[in-house]
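**Q** Handing you a structure now.
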Amino acid sequence: MLAISPKWRMRGEASMFSGDRISLTGSKSHLALVRPSGMGAPRLEQVRTPVALPGDFVCRTLIAGVCGTDLQILRGVRDDPARILGHEGVAVVEEVAAKADQRWLGATIAVNPTPDWGTAELGHTLDGMMQQRFLVPARLRSLVVSSPAELAADLAILAEPLASVLTCGGILKRVAEPIRVLVVGRGTIGQLLRIALKTACASVRDVVVIGTKETAGTENGAFDTVILCSSRQDVAAALSIGLGALCDGGILHLFGGLPSEGRDPRLPGVNLSEVRGRNTGGRVGLPLTAQCQTTIGHKRVAITGHRGSSNAMLTQAMLDLSARPNTYRPLLTIVTNPEEAVRTLRDAVGYPPVRSWTKLGIDFRRWRT
């Protein structure tokens with residue numbers, strides 16, 4: 001029988017053995033926020049705890065974050081099939097199935113949801129982190145990133161979106177030297193761009209963040225860069241604002257939702273989904289931009305964009321959160337237990353939707369099986 005280091009016993013956890021499989025818990029079921037079929041807020045249910053096969057990790061969620069994409073799925077705007085959402089957060093590795101992986105037991109980790117080889121899986125096609133325990137299958141092991149010991153668990157739910165913001169800044173640096181930037185979208189990404197874009201892209205001097213119903217003072221071509229980070233259902237309004245505010249020869253960066261068909265008649269000849277997809281999971285494709293002349297105002301526009309970030313940028317984001325906790329913590333509007341989170345989500349996906357928060361965190365440490 002394999003020996004477990006004394007440090008695991010000090011945690012007060014039960015250790016279970018089955019061949020090479022090593023588990024710090026004997027639980028067979030756990031609490032999860034399970035989506036109904038169709039659209040609507042999730043319900044609290046007991047689900048079967050996964051068992052690790054060789055190369056897999058079973059992880060215990062500490063805190064999971066709710067992002068705009070999650071809300072779009074719950075509202076039926078997106079058709080991602082995962083019945084349990086969540087790709088932002090931090091967890092502890094509780095079960096492995098190979099001796100070589102024993103060193104991971106008890107490690108605090110994040111999972112990069114966007115691989116550079118394809119579309120996002122965790123919380124999209126695979127059950128995600130809005131549950132007490134979740135599976136990282138062997139094929140996604142390369143996306144597991146160690147969390148710095150000094151990073152507070154609540155701030156960790158900002159790591160993935162902050163990493164994407166830092167990636168955005170890196171791309172803009174390679175395209176031009178933006179100075180005055182308009183961000184269309186007041187969600188978490190918009191607020192993180194307000195805080196961190198000047199650090200990620202040193203040429204930036206001014207970042208203005210507005211919502212899709214705030215057009216006053218933006219239709220004058222005063223911005224050399226516009227970043228769209230609105231939800232998919234608001235992209236038409238966001239694009240109207242952005243093109244009106246952008247100067248001739250400016251940069252349009254696609255960060256948030258896109259039209260379902262990936263095109264817009266105001267940007268003729270450009271496949272927006274293809275342009276954004278060139279830069280996925282930290283992999284930067286060429287060319288970085290697509291050139292276009294808009295049908296409104298006949299402005300020349302350089303269009304770029306990205307999806308997700310690299311593991312290295314996720315680590316950098318966690319270090320930045322650790323170094324400046326007081327800067328980022330005001331974005332954590334609500335961090336609460338699963339029961340209260342369900343009530344909050346019910347309001348956010350209802351009609352009319354009621355969302356009075358920037359970032360919602362679901363703290364599974366406040367619920368014990």
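FYI, nothing fancy with the structure tokens labels: chains A, B, ... in order, residues from 1 per chain, ligands from 1 as they appear.
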Among region 112-298 of chain A, which ones does DSSP assign to strand (DSSP E or B) (computed from the backbone)? Answer as number ranges by chain.
**A** A: 122, 126, 131, 133-136, 144-146, 180-184, 206-210, 223-228, 246-254, 280, 283, 290-293
**Q** Calculated over only C-alpha atoms, which of the candidates A:Thr125, A:Thr108, A:Ser37, A:Gln131 has the smallest distance to Thr49 (chain A)?
**A**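 Of all the options, A:Gln131 lies closest to Thr49 (chain A).
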**Q** Hey, what's within 8 Å of Arg48 (chain A) if we count only C-alpha atoms and toss same-chain stuff fewer than 3 positions away? As an MDAnalysis selection string, please?
**A** chainID A and resid 28:30
**Q** Could you state the separation of CA of Pro36 (chain A) and CA of Thr336 (chain A) in Å, given to one decimal place?
**A**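 Between CA of Pro36 (chain A) and CA of Thr336 (chain A) the gap is 21.6 Å.
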**Q** Find the spatial neighbours of Leu143 (chain A), counting only C-alpha atoms, within a cut-off of 7 Å - ignore same-chain residues fewer than 6 positions away - and output them as a PyMOL selection string.
**A** chain A and resi 111-112+311
**Q** Those residues you just picked out, can you put them in a file as a PDB file, in the first residue's frame with C-alpha atoms?
**A**
```pdb
ATOM      1  CA  VAL A 111      -7.845  25.428 -14.237  1.00  0.00           C
ATOM      2  CA  ASN A 112      -7.340  27.405 -17.429  1.00  0.00           C
ATOM      3  CA  ASN A 311      -1.234  29.266 -18.314  1.00  0.00           C
TER       4      ASN A 311
END
```
